[in-house]
$ cat start_32.cif   # mmCIF, C-alpha atoms and all ligand atoms
data_protein
#
loop_
_atom_site.group_PDB
_atom_site.id
_atom_site.type_symbol
_atom_site.label_atom_id
_atom_site.label_comp_id
_atom_site.auth_asym_id
_atom_site.auth_seq_id
_atom_site.Cartn_x
_atom_site.Cartn_y
_atom_site.Cartn_z
ATOM 1 C CA MET C 1 18.257 -10.551 -6.125
ATOM 2 C CA SER C 2 16.923 -13.981 -5.175
ATOM 3 C CA SER C 3 13.235 -14.836 -5.524
ATOM 4 C CA ILE C 4 10.987 -14.652 -2.503
ATOM 5 C CA ASN C 5 10.010 -17.793 -0.583
ATOM 6 C CA SER C 6 9.876 -16.575 2.983
ATOM 7 C CA ILE C 7 8.456 -13.344 4.401
ATOM 8 C CA ALA C 8 8.879 -11.932 7.901
ATOM 9 C CA ILE C 9 6.210 -9.493 8.993
ATOM 10 C CA ILE C 10 6.966 -7.303 11.957
ATOM 11 C CA GLY C 11 3.939 -5.931 13.799
ATOM 12 C CA SER C 12 0.821 -8.121 13.990
ATOM 13 C CA GLY C 13 -1.725 -5.321 14.442
ATOM 14 C CA THR C 14 -4.405 -4.043 12.080
ATOM 15 C CA MET C 15 -2.189 -4.237 8.978
ATOM 16 C CA GLY C 16 0.471 -6.851 9.787
ATOM 17 C CA SER C 17 -2.115 -9.551 10.532
ATOM 18 C CA GLY C 18 -3.972 -9.003 7.232
ATOM 19 C CA ILE C 19 -0.728 -8.896 5.230
ATOM 20 C CA ALA C 20 0.445 -12.127 6.890
ATOM 21 C CA GLN C 21 -2.846 -13.757 5.935
ATOM 22 C CA VAL C 22 -2.596 -12.873 2.230
ATOM 23 C CA CYS C 23 1.063 -13.954 2.076
ATOM 24 C CA ALA C 24 0.214 -17.279 3.742
ATOM 25 C CA GLN C 25 -2.747 -17.838 1.410
ATOM 26 C CA ALA C 26 -0.399 -17.325 -1.557
ATOM 27 C CA GLY C 27 1.848 -20.119 -0.224
ATOM 28 C CA TYR C 28 4.732 -18.118 1.286
ATOM 29 C CA HIS C 29 6.412 -19.160 4.532
ATOM 30 C CA VAL C 30 5.454 -16.372 6.895
ATOM 31 C CA PHE C 31 6.950 -15.347 10.236
ATOM 32 C CA LEU C 32 4.567 -13.012 12.044
ATOM 33 C CA TYR C 33 6.277 -11.189 14.906
ATOM 34 C CA ASP C 34 5.144 -8.707 17.542
ATOM 35 C CA ILE C 35 6.612 -7.400 20.793
ATOM 36 C CA ASN C 36 3.190 -7.741 22.352
ATOM 37 C CA ASP C 37 1.923 -11.305 22.943
ATOM 38 C CA SER C 38 -1.700 -10.252 23.132
ATOM 39 C CA ALA C 39 -1.396 -8.618 19.673
ATOM 40 C CA LEU C 40 -0.033 -11.924 18.326
ATOM 41 C CA ASN C 41 -2.911 -13.879 19.871
ATOM 42 C CA LYS C 42 -5.438 -11.392 18.533
ATOM 43 C CA ALA C 43 -3.867 -11.707 15.059
ATOM 44 C CA LYS C 44 -4.166 -15.505 15.175
ATOM 45 C CA VAL C 45 -7.845 -15.353 16.144
ATOM 46 C CA GLY C 46 -8.535 -12.660 13.497
ATOM 47 C CA ILE C 47 -6.812 -14.567 10.686
ATOM 48 C CA GLU C 48 -8.662 -17.800 11.540
ATOM 49 C CA LYS C 49 -11.950 -15.889 11.579
ATOM 50 C CA ASN C 50 -11.257 -14.292 8.170
ATOM 51 C CA LEU C 51 -10.338 -17.675 6.698
ATOM 52 C CA ASP C 52 -13.474 -19.281 8.178
ATOM 53 C CA THR C 53 -15.538 -16.578 6.480
ATOM 54 C CA ALA C 54 -13.751 -17.291 3.175
ATOM 55 C CA VAL C 55 -14.597 -21.015 3.552
ATOM 56 C CA GLU C 56 -18.242 -20.215 4.363
ATOM 57 C CA LYS C 57 -18.457 -18.027 1.261
ATOM 58 C CA GLY C 58 -16.977 -20.806 -0.882
ATOM 59 C CA LYS C 59 -13.851 -18.776 -1.660
ATOM 60 C CA MET C 60 -11.513 -21.467 -0.305
ATOM 61 C CA THR C 61 -11.715 -25.064 0.888
ATOM 62 C CA GLN C 62 -11.268 -26.174 4.482
ATOM 63 C CA ASN C 63 -8.008 -27.800 3.397
ATOM 64 C CA GLU C 64 -6.711 -24.549 1.859
ATOM 65 C CA LYS C 65 -7.595 -22.775 5.085
ATOM 66 C CA LEU C 66 -5.562 -25.262 7.140
ATOM 67 C CA GLU C 67 -2.620 -25.009 4.701
ATOM 68 C CA SER C 68 -2.697 -21.202 4.974
ATOM 69 C CA ILE C 69 -2.627 -21.306 8.789
ATOM 70 C CA LYS C 70 0.237 -23.830 8.667
ATOM 71 C CA ASN C 71 2.261 -21.359 6.585
ATOM 72 C CA ILE C 72 2.384 -18.850 9.451
ATOM 73 C CA LEU C 73 4.763 -19.057 12.389
ATOM 74 C CA PHE C 74 3.484 -16.682 15.082
ATOM 75 C CA THR C 75 6.534 -15.673 17.037
ATOM 76 C CA SER C 76 7.808 -13.297 19.686
ATOM 77 C CA LYS C 77 11.444 -14.285 19.070
ATOM 78 C CA PHE C 78 13.267 -11.673 17.020
ATOM 79 C CA GLU C 79 15.946 -14.270 16.067
ATOM 80 C CA ASP C 80 13.263 -16.119 14.058
ATOM 81 C CA LEU C 81 13.070 -13.239 11.597
ATOM 82 C CA LYS C 82 15.389 -14.564 8.904
ATOM 83 C CA ALA C 83 13.700 -14.360 5.515
ATOM 84 C CA ASP C 84 13.988 -13.316 1.871
ATOM 85 C CA LEU C 85 11.850 -10.271 2.568
ATOM 86 C CA CYS C 86 11.066 -8.506 5.844
ATOM 87 C CA LEU C 87 8.097 -6.142 5.914
ATOM 88 C CA GLU C 88 7.475 -3.882 8.861
ATOM 89 C CA ALA C 89 3.986 -2.781 9.948
ATOM 90 C CA ILE C 90 4.807 -1.228 13.326
ATOM 91 C CA LEU C 91 4.348 2.247 14.809
ATOM 92 C CA GLU C 92 4.301 5.177 12.385
ATOM 93 C CA LYS C 93 7.484 6.691 13.885
ATOM 94 C CA LEU C 94 10.644 7.177 11.858
ATOM 95 C CA GLU C 95 13.155 6.420 14.646
ATOM 96 C CA VAL C 96 11.358 3.214 15.656
ATOM 97 C CA LYS C 97 11.212 1.990 12.045
ATOM 98 C CA GLN C 98 14.884 2.828 11.411
ATOM 99 C CA ASP C 99 15.985 1.025 14.557
ATOM 100 C CA LEU C 100 14.004 -2.052 13.508
ATOM 101 C CA MET C 101 15.441 -1.977 9.954
ATOM 102 C CA GLN C 102 18.983 -1.850 11.384
ATOM 103 C CA ARG C 103 18.308 -4.894 13.562
ATOM 104 C CA LEU C 104 16.743 -6.790 10.653
ATOM 105 C CA ALA C 105 19.692 -5.905 8.391
ATOM 106 C CA ALA C 106 22.101 -7.207 11.038
ATOM 107 C CA GLN C 107 20.619 -10.720 11.119
ATOM 108 C CA ASN C 108 19.718 -11.164 7.437
ATOM 109 C CA SER C 109 21.783 -11.400 4.255
ATOM 110 C CA LYS C 110 22.491 -8.291 2.189
ATOM 111 C CA ASP C 111 20.011 -9.611 -0.404
ATOM 112 C CA CYS C 112 17.105 -9.616 2.037
ATOM 113 C CA ILE C 113 14.593 -6.979 0.913
ATOM 114 C CA LEU C 114 13.598 -4.612 3.699
ATOM 115 C CA ALA C 115 10.093 -3.295 3.107
ATOM 116 C CA SER C 116 7.953 -0.799 4.967
ATOM 117 C CA ASN C 117 4.169 -0.540 5.080
ATOM 118 C CA THR C 118 4.417 3.089 6.204
ATOM 119 C CA SER C 119 1.512 5.354 5.257
ATOM 120 C CA SER C 120 3.367 8.627 5.325
ATOM 121 C CA ILE C 121 7.106 8.451 6.035
ATOM 122 C CA PRO C 122 9.333 8.832 2.963
ATOM 123 C CA ILE C 123 11.171 5.580 2.161
ATOM 124 C CA THR C 124 14.327 7.647 1.571
ATOM 125 C CA GLN C 125 14.289 8.634 5.265
ATOM 126 C CA ILE C 126 13.699 5.075 6.497
ATOM 127 C CA ALA C 127 16.557 3.777 4.280
ATOM 128 C CA ARG C 128 19.112 6.338 5.470
ATOM 129 C CA GLY C 129 22.015 4.626 7.236
ATOM 130 C CA ILE C 130 20.717 1.098 6.567
ATOM 131 C CA PRO C 131 23.395 -1.165 5.004
ATOM 132 C CA HIS C 132 22.611 -1.647 1.293
ATOM 133 C CA PRO C 133 19.821 0.947 1.135
ATOM 134 C CA GLU C 134 19.043 -0.115 -2.439
ATOM 135 C CA ARG C 135 17.016 -3.035 -0.954
ATOM 136 C CA VAL C 136 14.740 -0.777 1.108
ATOM 137 C CA VAL C 137 11.317 -0.319 -0.513
ATOM 138 C CA GLY C 138 7.786 0.751 0.411
ATOM 139 C CA ILE C 139 5.091 -1.883 -0.011
ATOM 140 C CA HIS C 140 1.976 -0.102 1.157
ATOM 141 C CA PHE C 141 -1.158 -2.190 1.613
ATOM 142 C CA PHE C 142 -4.595 -0.755 2.356
ATOM 143 C CA ASN C 143 -7.002 -1.608 5.152
ATOM 144 C CA PRO C 144 -8.410 -4.288 5.380
ATOM 145 C CA ALA C 145 -5.295 -5.809 3.819
ATOM 146 C CA HIS C 146 -6.890 -9.194 3.120
ATOM 147 C CA LEU C 147 -9.592 -7.541 0.986
ATOM 148 C CA MET C 148 -8.222 -4.347 -0.573
ATOM 149 C CA LYS C 149 -6.589 -4.879 -3.969
ATOM 150 C CA LEU C 150 -4.432 -1.777 -4.321
ATOM 151 C CA VAL C 151 -0.805 -1.818 -3.120
ATOM 152 C CA GLU C 152 1.501 1.176 -3.629
ATOM 153 C CA ILE C 153 5.144 0.236 -4.295
ATOM 154 C CA ILE C 154 7.441 3.082 -3.412
ATOM 155 C CA ALA C 155 11.000 3.702 -4.542
ATOM 156 C CA GLY C 156 13.227 5.711 -2.228
ATOM 157 C CA VAL C 157 16.121 7.652 -3.756
ATOM 158 C CA GLU C 158 18.431 4.619 -3.380
ATOM 159 C CA THR C 159 15.952 1.798 -4.154
ATOM 160 C CA SER C 160 17.122 -0.337 -7.083
ATOM 161 C CA ASP C 161 14.941 -1.117 -10.088
ATOM 162 C CA THR C 162 15.467 -4.831 -9.400
ATOM 163 C CA VAL C 163 14.012 -4.492 -5.910
ATOM 164 C CA MET C 164 11.052 -2.508 -7.274
ATOM 165 C CA ASP C 165 10.423 -5.253 -9.846
ATOM 166 C CA THR C 166 10.694 -8.002 -7.221
ATOM 167 C CA ALA C 167 8.216 -6.151 -4.990
ATOM 168 C CA GLU C 168 5.844 -5.747 -7.930
ATOM 169 C CA SER C 169 6.035 -9.491 -8.773
ATOM 170 C CA LEU C 170 5.382 -10.369 -5.153
ATOM 171 C CA VAL C 171 2.266 -8.202 -5.045
ATOM 172 C CA LEU C 172 1.002 -9.823 -8.252
ATOM 173 C CA GLN C 173 1.572 -13.257 -6.664
ATOM 174 C CA LEU C 174 -0.628 -12.065 -3.798
ATOM 175 C CA LYS C 175 -3.354 -11.418 -6.424
ATOM 176 C CA LYS C 176 -3.274 -7.694 -5.708
ATOM 177 C CA THR C 177 -2.821 -4.648 -7.927
ATOM 178 C CA PRO C 178 0.610 -3.038 -7.615
ATOM 179 C CA VAL C 179 1.129 0.618 -8.549
ATOM 180 C CA LYS C 180 4.686 1.941 -8.587
ATOM 181 C CA VAL C 181 4.981 5.448 -7.157
ATOM 182 C CA LYS C 182 7.782 7.877 -6.394
ATOM 183 C CA ASP C 183 8.739 8.815 -2.868
ATOM 184 C CA ALA C 184 6.734 11.717 -1.404
ATOM 185 C CA PRO C 185 5.105 12.160 2.015
ATOM 186 C CA GLY C 186 1.910 10.099 2.069
ATOM 187 C CA PHE C 187 2.677 8.869 -1.484
ATOM 188 C CA ILE C 188 -0.548 9.248 -3.504
ATOM 189 C CA VAL C 189 -3.552 7.815 -1.692
ATOM 190 C CA ASN C 190 -2.824 9.017 1.832
ATOM 191 C CA ARG C 191 -1.904 12.504 0.662
ATOM 192 C CA VAL C 192 -5.152 12.968 -1.233
ATOM 193 C CA ALA C 193 -7.292 11.116 1.318
ATOM 194 C CA ARG C 194 -5.857 13.100 4.248
ATOM 195 C CA HIS C 195 -8.364 15.881 3.626
ATOM 196 C CA TYR C 196 -11.241 13.448 3.929
ATOM 197 C CA TYR C 197 -10.327 13.106 7.626
ATOM 198 C CA VAL C 198 -8.867 16.562 8.314
ATOM 199 C CA GLU C 199 -11.834 18.472 6.877
ATOM 200 C CA ALA C 200 -14.383 16.167 8.548
ATOM 201 C CA LEU C 201 -12.669 16.781 11.901
ATOM 202 C CA LYS C 202 -12.720 20.546 11.268
ATOM 203 C CA LEU C 203 -16.478 20.373 10.613
ATOM 204 C CA LEU C 204 -16.895 18.583 13.937
ATOM 205 C CA GLU C 205 -14.671 21.097 15.782
ATOM 206 C CA GLU C 206 -16.663 23.983 14.331
ATOM 207 C CA ASP C 207 -19.905 22.240 15.338
ATOM 208 C CA VAL C 208 -21.223 22.406 11.779
ATOM 209 C CA ALA C 209 -22.736 18.911 11.990
ATOM 210 C CA THR C 210 -22.675 15.770 14.124
ATOM 211 C CA LEU C 211 -20.200 13.063 13.175
ATOM 212 C CA GLU C 212 -23.113 10.710 12.429
ATOM 213 C CA ASN C 213 -24.544 13.234 9.955
ATOM 214 C CA ILE C 214 -21.160 13.839 8.317
ATOM 215 C CA ASP C 215 -20.724 10.078 7.855
ATOM 216 C CA ALA C 216 -24.269 9.646 6.532
ATOM 217 C CA LEU C 217 -23.844 12.486 4.013
ATOM 218 C CA MET C 218 -20.525 11.225 2.696
ATOM 219 C CA GLU C 219 -21.913 7.687 2.383
ATOM 220 C CA SER C 220 -24.931 9.010 0.502
ATOM 221 C CA MET C 221 -22.463 10.676 -1.895
ATOM 222 C CA GLY C 222 -21.107 7.218 -2.741
ATOM 223 C CA PHE C 223 -18.191 6.854 -0.318
ATOM 224 C CA ARG C 224 -18.162 3.333 1.099
ATOM 225 C CA MET C 225 -17.534 4.586 4.645
ATOM 226 C CA GLY C 226 -17.914 8.008 6.232
ATOM 227 C CA PRO C 227 -14.698 9.584 7.587
ATOM 228 C CA PHE C 228 -15.416 8.841 11.265
ATOM 229 C CA LYS C 229 -16.324 5.199 10.660
ATOM 230 C CA LEU C 230 -13.180 4.915 8.537
ATOM 231 C CA MET C 231 -10.973 6.437 11.256
ATOM 232 C CA ASP C 232 -12.402 3.874 13.709
ATOM 233 C CA LEU C 233 -11.477 1.090 11.272
ATOM 234 C CA ILE C 234 -7.990 2.436 10.530
ATOM 235 C CA GLY C 235 -7.180 3.097 14.218
ATOM 236 C CA ILE C 236 -7.527 6.669 15.480
ATOM 237 C CA ASP C 237 -3.983 6.528 16.920
ATOM 238 C CA THR C 238 -2.500 5.421 13.582
ATOM 239 C CA ASN C 239 -4.579 7.950 11.636
ATOM 240 C CA PHE C 240 -3.426 10.722 14.007
ATOM 241 C CA SER C 241 0.237 9.658 13.636
ATOM 242 C CA VAL C 242 -0.098 9.718 9.842
ATOM 243 C CA THR C 243 -1.669 13.206 9.830
ATOM 244 C CA SER C 244 0.997 14.476 12.268
ATOM 245 C CA SER C 245 3.713 13.000 10.079
ATOM 246 C CA LEU C 246 2.342 14.608 6.891
ATOM 247 C CA TYR C 247 1.968 17.953 8.697
ATOM 248 C CA GLU C 248 5.644 17.789 9.659
ATOM 249 C CA GLN C 249 6.802 16.504 6.248
ATOM 250 C CA PHE C 250 5.015 19.368 4.462
ATOM 251 C CA PHE C 251 6.748 21.956 6.683
ATOM 252 C CA TYR C 252 3.700 22.567 8.865
ATOM 253 C CA ASP C 253 1.369 23.460 6.017
ATOM 254 C CA PRO C 254 -1.885 24.278 7.912
ATOM 255 C CA LYS C 255 -3.948 22.222 5.489
ATOM 256 C CA PHE C 256 -2.493 19.085 7.144
ATOM 257 C CA ARG C 257 -2.835 20.321 10.751
ATOM 258 C CA PRO C 258 -4.039 17.492 13.050
ATOM 259 C CA SER C 259 -7.177 17.941 15.131
ATOM 260 C CA ARG C 260 -7.342 18.413 18.920
ATOM 261 C CA ILE C 261 -10.463 16.247 18.994
ATOM 262 C CA GLN C 262 -8.495 13.391 17.461
ATOM 263 C CA LYS C 263 -5.530 13.970 19.803
ATOM 264 C CA GLN C 264 -7.858 13.729 22.812
ATOM 265 C CA LYS C 265 -9.240 10.412 21.548
ATOM 266 C CA VAL C 266 -5.659 9.127 21.275
ATOM 267 C CA ASP C 267 -4.853 10.324 24.819
ATOM 268 C CA ALA C 268 -7.974 8.612 26.186
ATOM 269 C CA GLY C 269 -7.095 5.296 24.517
ATOM 270 C CA HIS C 270 -10.247 5.507 22.387
ATOM 271 C CA TRP C 271 -8.547 4.219 19.252
ATOM 272 C CA GLY C 272 -11.538 2.786 17.399
ATOM 273 C CA LYS C 273 -12.250 -0.852 16.590
ATOM 274 C CA LYS C 274 -8.919 -2.076 17.977
ATOM 275 C CA SER C 275 -9.692 -0.728 21.478
ATOM 276 C CA GLY C 276 -13.471 -1.248 21.386
ATOM 277 C CA LYS C 277 -14.266 2.472 21.497
ATOM 278 C CA GLY C 278 -13.575 5.372 19.142
ATOM 279 C CA PHE C 279 -15.929 7.862 17.551
ATOM 280 C CA TYR C 280 -18.465 5.036 17.817
ATOM 281 C CA ALA C 281 -18.730 2.177 20.325
ATOM 282 C CA SER C 282 -17.782 -1.109 18.609
HETATM 283 N N1 LIG P 301 -4.308 1.088 9.944
HETATM 284 C C1 LIG P 301 -4.329 1.372 8.630
HETATM 285 O O1 LIG P 301 -5.413 1.580 8.042
HETATM 286 C C2 LIG P 301 -3.052 1.412 7.838
HETATM 287 C C3 LIG P 301 -3.131 1.287 6.448
HETATM 288 C C4 LIG P 301 -1.940 1.250 5.696
HETATM 289 C C5 LIG P 301 -0.724 1.376 6.341
HETATM 290 N N2 LIG P 301 -0.675 1.506 7.704
HETATM 291 C C6 LIG P 301 0.649 1.600 8.323
HETATM 292 O O2 LIG P 301 0.982 0.306 8.819
HETATM 293 C C7 LIG P 301 1.785 0.433 10.002
HETATM 294 C C8 LIG P 301 1.101 -0.304 11.141
HETATM 295 O O3 LIG P 301 -0.175 0.275 11.346
HETATM 296 P P1 LIG P 301 -1.331 -0.536 12.087
HETATM 297 O O4 LIG P 301 -2.574 0.249 11.877
HETATM 298 O O5 LIG P 301 -1.287 -1.978 11.733
HETATM 299 O O6 LIG P 301 -0.886 -0.360 13.612
HETATM 300 P P2 LIG P 301 -1.394 -1.188 14.900
HETATM 301 O O7 LIG P 301 -1.259 -0.249 16.037
HETATM 302 O O8 LIG P 301 -2.713 -1.815 14.645
HETATM 303 O O9 LIG P 301 -0.307 -2.378 15.001
HETATM 304 C C9 LIG P 301 1.050 -2.125 15.205
HETATM 305 C C10 LIG P 301 1.643 -3.350 15.898
HETATM 306 O O10 LIG P 301 3.064 -3.181 15.947
HETATM 307 C C11 LIG P 301 3.527 -3.650 17.198
HETATM 308 N N3 LIG P 301 4.814 -3.002 17.446
HETATM 309 C C12 LIG P 301 5.057 -1.735 17.800
HETATM 310 N N4 LIG P 301 6.382 -1.507 17.878
HETATM 311 C C13 LIG P 301 6.983 -2.665 17.536
HETATM 312 C C14 LIG P 301 8.338 -3.085 17.406
HETATM 313 N N5 LIG P 301 9.346 -2.239 17.641
HETATM 314 N N6 LIG P 301 8.588 -4.356 17.022
HETATM 315 C C15 LIG P 301 7.564 -5.223 16.781
HETATM 316 N N7 LIG P 301 6.269 -4.884 16.885
HETATM 317 C C16 LIG P 301 5.987 -3.629 17.250
HETATM 318 C C17 LIG P 301 2.439 -3.299 18.188
HETATM 319 O O11 LIG P 301 2.499 -4.140 19.331
HETATM 320 C C18 LIG P 301 1.179 -3.517 17.343
HETATM 321 O O12 LIG P 301 0.655 -4.827 17.505
HETATM 322 C C19 LIG P 301 1.973 1.931 10.230
HETATM 323 O O13 LIG P 301 3.175 2.325 9.626
HETATM 324 C C20 LIG P 301 0.777 2.544 9.504
HETATM 325 O O14 LIG P 301 1.005 3.870 9.080
HETATM 326 C C21 LIG P 301 -1.813 1.509 8.461
#
$ encode --input "start_32.cif" --output "structure tokens" --more "lines below"
Ligand SMILES: NC(=O)c1ccc[n+]([C@@H]2O[C@H](COP(=O)([O-])OP(=O)(O)OC[C@H]3O[C@@H](n4cnc5c(N)ncnc54)[C@H](O)[C@@H]3O)[C@@H](O)[C@H]2O)c1
Amino acid sequence: MSSINSIAIIGSGTMGSGIAQVCAQAGYHVFLYDINDSALNKAKVGIEKNLDTAVEKGKMTQNEKLESIKNILFTSKFEDLKADLCLEAILEKLEVKQDLMQRLAAQNSKDCILASNTSSIPITQIARGIPHPERVVGIHFFNPAHLMKLVEIIAGVETSDTVMDTAESLVLQLKKTPVKVKDAPGFIVNRVARHYYVEALKLLEEDVATLENIDALMESMGFRMGPFKLMDLIGIDTNFSVTSSLYEQFFYDPKFRPSRIQKQKVDAGHWGKKSGKGFYAS
């Protein structure tokens, strides 16, 4: 497997934009693609803002900022996505991810690593039917991707050890902390953390406390963000998709059942920070 010089990131939303930023800062040639032009523009503005903050805080020079920006090609042309590694950060839907992986496989060499940032879908399912499934791997960043250190690296049933090692080296180059995990719905963090959201939503449904009080209590216990603030940051639509996916993957175990309150927020387009309104106004 060749070493990684170029990285294509598909989906420039909450996660894709942050991942593109860290890859560009580490000197990789990055292609950042989205089907939605306004998402691409928003990503560009967000990345520049994050880099400006890093300059202000003395974490990088103005020159390093400009070099990082230069490393990213923002594109809406799928044909541009020819790279050593392609990483998808699109909708949390199996069929959509598989279709994308097929199209990426068709225009890249068999050595191109196909990575997914999925939060909940087993890598084994995403890899099924993809030519050379041994190069399909999970590289799961956490939100906000430009700040959070942990990255889960997930092996599907067919993923080769070489691809796992290459993914691990890449994450180290990004100055992050890779942890190799086996394939299971939600892997480690999202499976455990799911109950942070699910139980908080149940409390709200049962009218046990207001969401503000639930957040305040959890923060006073030492959690950095209460569950409702965190859902607004993650994206209520994405968080709902992840819970729905885990519920399905665990054969409808009631402990993962999604909340009607959350579903209604999704239906209303109140998706949190990304839409300007969620559990809180932002
Ligand atoms: N938000 C989080 O906290 C978080 C954390 C870790 C992992 N993830 C995972 O990362 C992935 C992306 O989540 P997100 O929160 O960034 O979502 P998002 O909604 O913020 O962004 C998704 C982007 O993908 C684009 N898109 C959708 N379908 C596409 C396609 N077929 N081709 C190209 N672009 C497409 C959309 O236009 C959008 O800009 C999901 O799999 C999610 O589970 C999310």
$ atom_distance --input "start_32.cif" --atom1 "atom CA of Ala89 of chain C" --atom2 "atom N3 of ligand LIG 301 (chain P)"
7.5 Å
$ residues_near_point --input "start_32.cif" --point "(-6.0, -2.8, 5.7)" --cutoff "10 Å" --atoms "all atoms listed in the file" --output "ChimeraX atom specification"
/C:14-19,140-149,233-234
$ atom_distance --input "start_32.cif" --atom1 "atom CA of Val157 of chain C" --atom2 "atom CA of Pro131 of chain C"
14.4 Å
$ closest_residue --input "start_32.cif" --among "C:Lys182, C:Lys273, C:Arg224, C:Arg257" --to "ligand LIG 301 (chain P)" --atoms "all atoms listed in the file"
C:Lys273
$ residues_around --input "start_32.cif" --residues "Ile90 of chain C" --least-positions-apart "3" --cutoff "12 Å" --atoms "all atoms listed in the file" --output "JSON, numbers by chain"
{"C": [9, 10, 11, 12, 13, 14, 15, 16, 17, 32, 33, 34, 35, 36, 39, 87, 93, 94, 95, 96, 97, 98, 99, 100, 101, 115, 116, 117, 118, 119, 238, 241]}
$ atom_distance --input "start_32.cif" --atom1 "atom CA of Asp267 of chain C" --atom2 "atom C6 of ligand LIG 301 (chain P)"
19.5 Å
$ resolve_selection --input "start_32.cif" --expression "the PyMOL selection byres (((chain C and resi 201) around 9) and not hetatm)" --output "MDAnalysis selection string"
chainID C and resid 196:200 202:206 211 227:228 258:262
$ resolve_selection --input "start_32.cif" --expression "the PyMOL selection byres (((chain C and resi 173-181) around 12) and not hetatm)" --output "VMD selection string"
chain C and resid 3 to 5 18 to 28 122 to 123 137 to 142 145 to 157 159 161 163 to 172 182 to 189
$ closest_residue --input "start_32.cif" --among "C:Lys42, C:Arg191, C:Arg128, C:Lys110" --to "Phe74 of chain C" --atoms "all atoms listed in the file"
C:Lys42
$ closest_residue --input "start_32.cif" --among "C:Ile121, C:Ala193, C:Val136, C:Met225" --to "ligand LIG 301 (chain P)" --atoms "only C-alpha atoms and all ligand atoms"
C:Ile121
$ closest_residue --input "start_32.cif" --among "C:Ser68, C:Asn50, C:Ser282, C:Ser245" --to "ligand LIG 301 (chain P)" --atoms "only C-alpha atoms and all ligand atoms"
C:Ser245
$ axis_aligned_box --input "start_32.cif" --around "ligand LIG 301 (chain P)" --padding-each-side "5 Å" --output "AutoDock Vina command-line options"
--center_x 2.0 --center_y -0.7 --center_z 12.5 --size_x 24.8 --size_y 19.1 --size_z 23.6
$ resolve_selection --input "start_32.cif" --expression "the PyMOL selection byres (((chain C and resi 6) around 7) and not hetatm)" --output "list in words"
Ile4, Asn5, Ile7, Ala8, Tyr28, His29, Val30, Ala83, Asp84 and Leu85 of chain C
$ closest_residue --input "start_32.cif" --among "C:Arg135, C:Lys263, C:Lys77, C:Lys82" --to "ligand LIG 301 (chain P)" --atoms "only C-alpha atoms and all ligand atoms"
C:Lys77
$ closest_residue --input "start_32.cif" --among "C:Thr124, C:Gln249, C:Asn239, C:Thr75" --to "Trp271 of chain C" --atoms "all atoms listed in the file"
C:Asn239
